[in-house]
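K.L.:
This is the structure I want to talk about, given as structure tokens.
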Amino acid sequence: MLISNMEIVPGKTIVRHMGMVQGSTVRAKHVGRDIMAGFKNVFGGELKGYTELLSESRDEALQRLTEQATAIGANAVLNVRFSTSSIAAGASEIFVYGTAVILEDA
Amino acid sequence: MSGLLIFLFLLLTGYLSGRWLEQRHYRSILAREAALRHLLVLPVRVPANEHSQHDSTLVTGSVVVSVDYFKTVAASLRNVFGGRVGAYESLLDRARREATLRMQEEAQQLGADIIYNVKYETSRIGENDAKGLGSVEVLAYGTALTRPAHDAAA
């Protein structure tokens, strides 16, 4: 499965558009991490726990997007966009969407 | 009285550790930016002709950077007088550049020549909504173009 955030793929042509596919996930970190983050807000610096959490969530959202695209028989997802929103204290939603297409070598 | 002492202690701790971490971060950013300068990052949607046979892969880089206590206080004072909030400007600048660097590092591992169509996504993390910024997450993503394997030998 090819995933790209461009509308065009060099060296390939789009033979069929299959519509939009999406994937999303909501995740929270355990309380210990949140308390650590509270301390970090005094000292500053990177919150590695949250960086990790968000990149794991993003991988999961991408995975769901890929599953959806595979299910409808696409071989690539183009023009992918990410969106993040914090919906509650300590939880974030990661949303990823794109256009599923069938690509062929030009 | 003890409340004031705690406040001053937090302010001083935040100032010293925040400044130290920021300077260290900027040193690391500048060194890595110099090392990755050959890997171009372009916010351009259409690839150039020379890359018309390359393979595309989505690459991402993200970071969550926290404020320190001094920045929070400095920014809330700024809210009274208005004007540039330098404390947050440097925070966001660091986060964007760090995210870009991580994306470039991922692309370099793939052996990419260039990254096209770079987008940024910034969001606020943390529960202290009432108290100001908390921390910010920046995500940078784009499409890395890699020379196809059979071409590389030629």
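Just so we're on the same page: first chain in the structure tokens is A, next is B, and so on; residues restart at 1 for each chain, and ligands are numbered from 1 in the order they show up.
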DSSP on the backbone: what in stretch 74-142 of chain B comes out helix (DSSP H, G or I), as a short mmCIF file (atom, residue, chain, number, x, y, z; two decimals) with N, CA, C and O atoms, in the first residue's frame?
P.N.:
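Full text of out.cif as output:
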```
data_model
loop_
_atom_site.label_atom_id
_atom_site.label_comp_id
_atom_site.auth_asym_id
_atom_site.auth_seq_id
_atom_site.Cartn_x
_atom_site.Cartn_y
_atom_site.Cartn_z
N ALA B 74 5.70 34.78 32.30
CA ALA B 74 6.07 35.86 31.38
C ALA B 74 4.95 36.09 30.37
O ALA B 74 4.60 37.24 30.05
N ALA B 75 4.34 34.99 29.89
CA ALA B 75 3.29 35.11 28.89
C ALA B 75 2.02 35.70 29.49
O ALA B 75 1.32 36.48 28.85
N SER B 76 1.73 35.36 30.75
CA SER B 76 0.50 35.92 31.32
C SER B 76 0.67 37.40 31.63
O SER B 76 -0.29 38.17 31.57
N LEU B 77 1.92 37.83 31.91
CA LEU B 77 2.17 39.27 32.05
C LEU B 77 2.00 39.98 30.72
O LEU B 77 1.45 41.08 30.65
N ARG B 78 2.48 39.33 29.65
CA ARG B 78 2.34 39.87 28.30
C ARG B 78 0.88 40.08 27.92
O ARG B 78 0.53 41.02 27.22
N ASN B 79 0.03 39.17 28.44
CA ASN B 79 -1.40 39.28 28.15
C ASN B 79 -1.98 40.56 28.71
O ASN B 79 -2.99 41.06 28.22
N VAL B 80 -1.35 41.10 29.76
CA VAL B 80 -1.83 42.35 30.35
C VAL B 80 -1.43 43.53 29.49
O VAL B 80 -2.24 44.39 29.17
N PHE B 81 -0.15 43.54 29.05
CA PHE B 81 0.35 44.71 28.32
C PHE B 81 0.21 44.60 26.81
O PHE B 81 0.30 45.60 26.11
N GLY B 86 7.41 36.64 23.32
CA GLY B 86 8.67 35.99 22.93
C GLY B 86 8.83 34.61 23.53
O GLY B 86 9.40 33.72 22.90
N ALA B 87 8.32 34.42 24.75
CA ALA B 87 8.47 33.14 25.44
C ALA B 87 7.84 32.01 24.64
O ALA B 87 8.40 30.92 24.53
N TYR B 88 6.66 32.27 24.05
CA TYR B 88 5.98 31.24 23.28
C TYR B 88 6.52 31.15 21.86
O TYR B 88 6.47 30.09 21.24
N GLU B 89 7.01 32.30 21.33
CA GLU B 89 7.56 32.27 19.97
C GLU B 89 8.71 31.28 19.87
O GLU B 89 8.77 30.47 18.94
N SER B 90 9.62 31.32 20.85
CA SER B 90 10.77 30.43 20.78
C SER B 90 10.35 28.98 20.99
O SER B 90 10.92 28.06 20.42
N LEU B 91 9.31 28.78 21.81
CA LEU B 91 8.81 27.42 22.05
C LEU B 91 8.29 26.79 20.76
O LEU B 91 8.62 25.65 20.41
N LEU B 92 7.48 27.58 20.03
CA LEU B 92 6.90 27.05 18.79
C LEU B 92 7.96 26.89 17.71
O LEU B 92 7.92 25.94 16.93
N ASP B 93 8.92 27.82 17.69
CA ASP B 93 10.00 27.74 16.72
C ASP B 93 10.80 26.45 16.93
O ASP B 93 11.08 25.72 15.98
N ARG B 94 11.12 26.16 18.19
CA ARG B 94 11.86 24.94 18.50
C ARG B 94 11.08 23.71 18.09
O ARG B 94 11.62 22.77 17.51
N ALA B 95 9.77 23.71 18.41
CA ALA B 95 8.94 22.54 18.11
C ALA B 95 8.87 22.31 16.60
O ALA B 95 9.01 21.17 16.13
N ARG B 96 8.66 23.38 15.80
CA ARG B 96 8.56 23.21 14.34
C ARG B 96 9.86 22.70 13.76
O ARG B 96 9.87 21.80 12.92
N ARG B 97 10.98 23.29 14.21
CA ARG B 97 12.25 22.88 13.63
C ARG B 97 12.61 21.46 14.03
O ARG B 97 13.15 20.70 13.23
N GLU B 98 12.28 21.09 15.26
CA GLU B 98 12.55 19.73 15.72
C GLU B 98 11.72 18.72 14.92
O GLU B 98 12.23 17.69 14.48
N ALA B 99 10.44 19.04 14.71
CA ALA B 99 9.57 18.13 13.94
C ALA B 99 10.10 17.98 12.52
O ALA B 99 10.14 16.87 11.98
N THR B 100 10.52 19.09 11.92
CA THR B 100 11.07 19.04 10.56
C THR B 100 12.31 18.15 10.51
O THR B 100 12.46 17.33 9.61
N LEU B 101 13.17 18.32 11.52
CA LEU B 101 14.39 17.52 11.56
C LEU B 101 14.10 16.03 11.69
O LEU B 101 14.73 15.21 11.03
N ARG B 102 13.12 15.69 12.52
CA ARG B 102 12.80 14.27 12.69
C ARG B 102 12.24 13.68 11.40
O ARG B 102 12.52 12.54 11.07
N MET B 103 11.45 14.51 10.68
CA MET B 103 10.93 14.05 9.39
C MET B 103 12.09 13.84 8.42
O MET B 103 12.14 12.83 7.71
N GLN B 104 13.04 14.78 8.40
CA GLN B 104 14.20 14.66 7.51
C GLN B 104 15.03 13.43 7.86
O GLN B 104 15.53 12.74 6.97
N GLU B 105 15.17 13.16 9.17
CA GLU B 105 15.94 11.99 9.59
C GLU B 105 15.30 10.69 9.10
O GLU B 105 15.98 9.78 8.66
N GLU B 106 13.94 10.66 9.18
CA GLU B 106 13.24 9.47 8.68
C GLU B 106 13.48 9.31 7.18
O GLU B 106 13.71 8.20 6.69
N ALA B 107 13.42 10.44 6.46
CA ALA B 107 13.61 10.40 5.02
C ALA B 107 15.03 9.98 4.67
O ALA B 107 15.26 9.25 3.71
N GLN B 108 16.00 10.43 5.48
CA GLN B 108 17.38 10.08 5.20
C GLN B 108 17.62 8.57 5.36
O GLN B 108 18.36 7.98 4.61
N GLN B 109 16.93 7.99 6.37
CA GLN B 109 17.06 6.54 6.55
C GLN B 109 16.55 5.76 5.35
O GLN B 109 17.02 4.67 5.07
N LEU B 110 15.55 6.35 4.66
CA LEU B 110 15.02 5.70 3.46
C LEU B 110 15.93 5.94 2.26
O LEU B 110 15.75 5.35 1.21
#
```
K.L.:
Which residues come within 12 Å of B:Glu22, counting only C-alpha atoms, excluding same-chain residues fewer than 3 positions away, as an NGL selection string?
P.N.:
(:A and (43-46)) or (:B and (14-19 or 25-29 or 65-68 or 71 or 87-88 or 90-95))
K.L.:
Between A:Gln68, A:Asn79, A:Thr99, A:Asn5, which one has atoms that come closest to chain B, using only C-alpha atoms?
P.N.:
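Of all the options, A:Asn5 lies closest to chain B.
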K.L.:
Calculated over only C-alpha atoms, which of the candidates A:Val31, A:Asn75, A:Arg81, A:Thr13 has the smallest distance to chain B?
P.N.:
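That would be A:Arg81, the residue with the smallest distance to chain B.
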K.L.:
Select from chain A every residue with an atom at most 10 Å from any atom of chain B, then for each give the shortest pair of atoms and their distance in Å to one decimal, using only C-alpha atoms, rows by chain and rising number, as JSON lines.
P.N.:
```
{"residue": "A:Leu2", "atom": "CA", "partner": "B:Thr57", "partner_atom": "CA", "distance": 7.0}
{"residue": "A:Ile3", "atom": "CA", "partner": "B:Leu58", "partner_atom": "CA", "distance": 5.8}
{"residue": "A:Ser4", "atom": "CA", "partner": "B:Leu58", "partner_atom": "CA", "distance": 5.0}
{"residue": "A:Asn5", "atom": "CA", "partner": "B:Thr143", "partner_atom": "CA", "distance": 5.9}
{"residue": "A:Met6", "atom": "CA", "partner": "B:Arg45", "partner_atom": "CA", "distance": 6.2}
{"residue": "A:Glu7", "atom": "CA", "partner": "B:Arg45", "partner_atom": "CA", "distance": 7.6}
{"residue": "A:Ile8", "atom": "CA", "partner": "B:Val46", "partner_atom": "CA", "distance": 7.2}
{"residue": "A:Val9", "atom": "CA", "partner": "B:Ser56", "partner_atom": "CA", "distance": 6.9}
{"residue": "A:Pro10", "atom": "CA", "partner": "B:Ser52", "partner_atom": "CA", "distance": 4.7}
{"residue": "A:Gly11", "atom": "CA", "partner": "B:Gln53", "partner_atom": "CA", "distance": 4.7}
{"residue": "A:Lys12", "atom": "CA", "partner": "B:Gln53", "partner_atom": "CA", "distance": 8.4}
{"residue": "A:Asp34", "atom": "CA", "partner": "B:Gly126", "partner_atom": "CA", "distance": 8.4}
{"residue": "A:Ala37", "atom": "CA", "partner": "B:Ser66", "partner_atom": "CA", "distance": 8.0}
{"residue": "A:Gly38", "atom": "CA", "partner": "B:Gly126", "partner_atom": "CA", "distance": 8.7}
{"residue": "A:Phe39", "atom": "CA", "partner": "B:Asp68", "partner_atom": "CA", "distance": 9.2}
{"residue": "A:Lys40", "atom": "CA", "partner": "B:Ser66", "partner_atom": "CA", "distance": 6.6}
{"residue": "A:Asn41", "atom": "CA", "partner": "B:Asp68", "partner_atom": "CA", "distance": 4.9}
{"residue": "A:Val42", "atom": "CA", "partner": "B:Tyr69", "partner_atom": "CA", "distance": 4.4}
{"residue": "A:Phe43", "atom": "CA", "partner": "B:Asp68", "partner_atom": "CA", "distance": 4.8}
{"residue": "A:Gly44", "atom": "CA", "partner": "B:Asp68", "partner_atom": "CA", "distance": 4.0}
{"residue": "A:Gly45", "atom": "CA", "partner": "B:Ser66", "partner_atom": "CA", "distance": 5.4}
{"residue": "A:Glu46", "atom": "CA", "partner": "B:Val65", "partner_atom": "CA", "distance": 4.4}
{"residue": "A:Leu47", "atom": "CA", "partner": "B:Val64", "partner_atom": "CA", "distance": 5.5}
{"residue": "A:Lys48", "atom": "CA", "partner": "B:Val64", "partner_atom": "CA", "distance": 7.1}
{"residue": "A:Gly49", "atom": "CA", "partner": "B:Val64", "partner_atom": "CA", "distance": 8.8}
{"residue": "A:Tyr50", "atom": "CA", "partner": "B:Val64", "partner_atom": "CA", "distance": 6.4}
{"residue": "A:Thr51", "atom": "CA", "partner": "B:Val64", "partner_atom": "CA", "distance": 5.3}
{"residue": "A:Glu52", "atom": "CA", "partner": "B:Val63", "partner_atom": "CA", "distance": 8.6}
{"residue": "A:Leu54", "atom": "CA", "partner": "B:Ser62", "partner_atom": "CA", "distance": 8.2}
{"residue": "A:Ser55", "atom": "CA", "partner": "B:Ser62", "partner_atom": "CA", "distance": 7.2}
{"residue": "A:Arg58", "atom": "CA", "partner": "B:Thr60", "partner_atom": "CA", "distance": 9.6}
{"residue": "A:Leu78", "atom": "CA", "partner": "B:Leu58", "partner_atom": "CA", "distance": 9.8}
{"residue": "A:Asn79", "atom": "CA", "partner": "B:Asn117", "partner_atom": "CA", "distance": 9.6}
{"residue": "A:Val80", "atom": "CA", "partner": "B:Leu58", "partner_atom": "CA", "distance": 8.8}
{"residue": "A:Arg81", "atom": "CA", "partner": "B:Lys119", "partner_atom": "CA", "distance": 8.5}
{"residue": "A:Phe82", "atom": "CA", "partner": "B:Glu121", "partner_atom": "CA", "distance": 7.4}
{"residue": "A:Ser83", "atom": "CA", "partner": "B:Glu121", "partner_atom": "CA", "distance": 7.0}
{"residue": "A:Thr84", "atom": "CA", "partner": "B:Ser123", "partner_atom": "CA", "distance": 6.5}
{"residue": "A:Ser85", "atom": "CA", "partner": "B:Ser123", "partner_atom": "CA", "distance": 6.7}
{"residue": "A:Ser86", "atom": "CA", "partner": "B:Ile125", "partner_atom": "CA", "distance": 6.5}
{"residue": "A:Ile87", "atom": "CA", "partner": "B:Ile125", "partner_atom": "CA", "distance": 9.9}
{"residue": "A:Ala88", "atom": "CA", "partner": "B:Glu127", "partner_atom": "CA", "distance": 7.7}
{"residue": "A:Ala89", "atom": "CA", "partner": "B:Glu127", "partner_atom": "CA", "distance": 4.5}
{"residue": "A:Gly90", "atom": "CA", "partner": "B:Gly126", "partner_atom": "CA", "distance": 5.9}
{"residue": "A:Ala91", "atom": "CA", "partner": "B:Gly126", "partner_atom": "CA", "distance": 8.4}
{"residue": "A:Ser92", "atom": "CA", "partner": "B:Ile125", "partner_atom": "CA", "distance": 7.9}
{"residue": "A:Ala106", "atom": "CA", "partner": "B:Gln53", "partner_atom": "CA", "distance": 9.7}
```
K.L.:
Fewer than 3 positions away in the same chain doesn't count, so skip those; otherwise give me all residues within 9 Å of A:Val101, counting only C-alpha atoms, as a count of residues only.
P.N.:
13
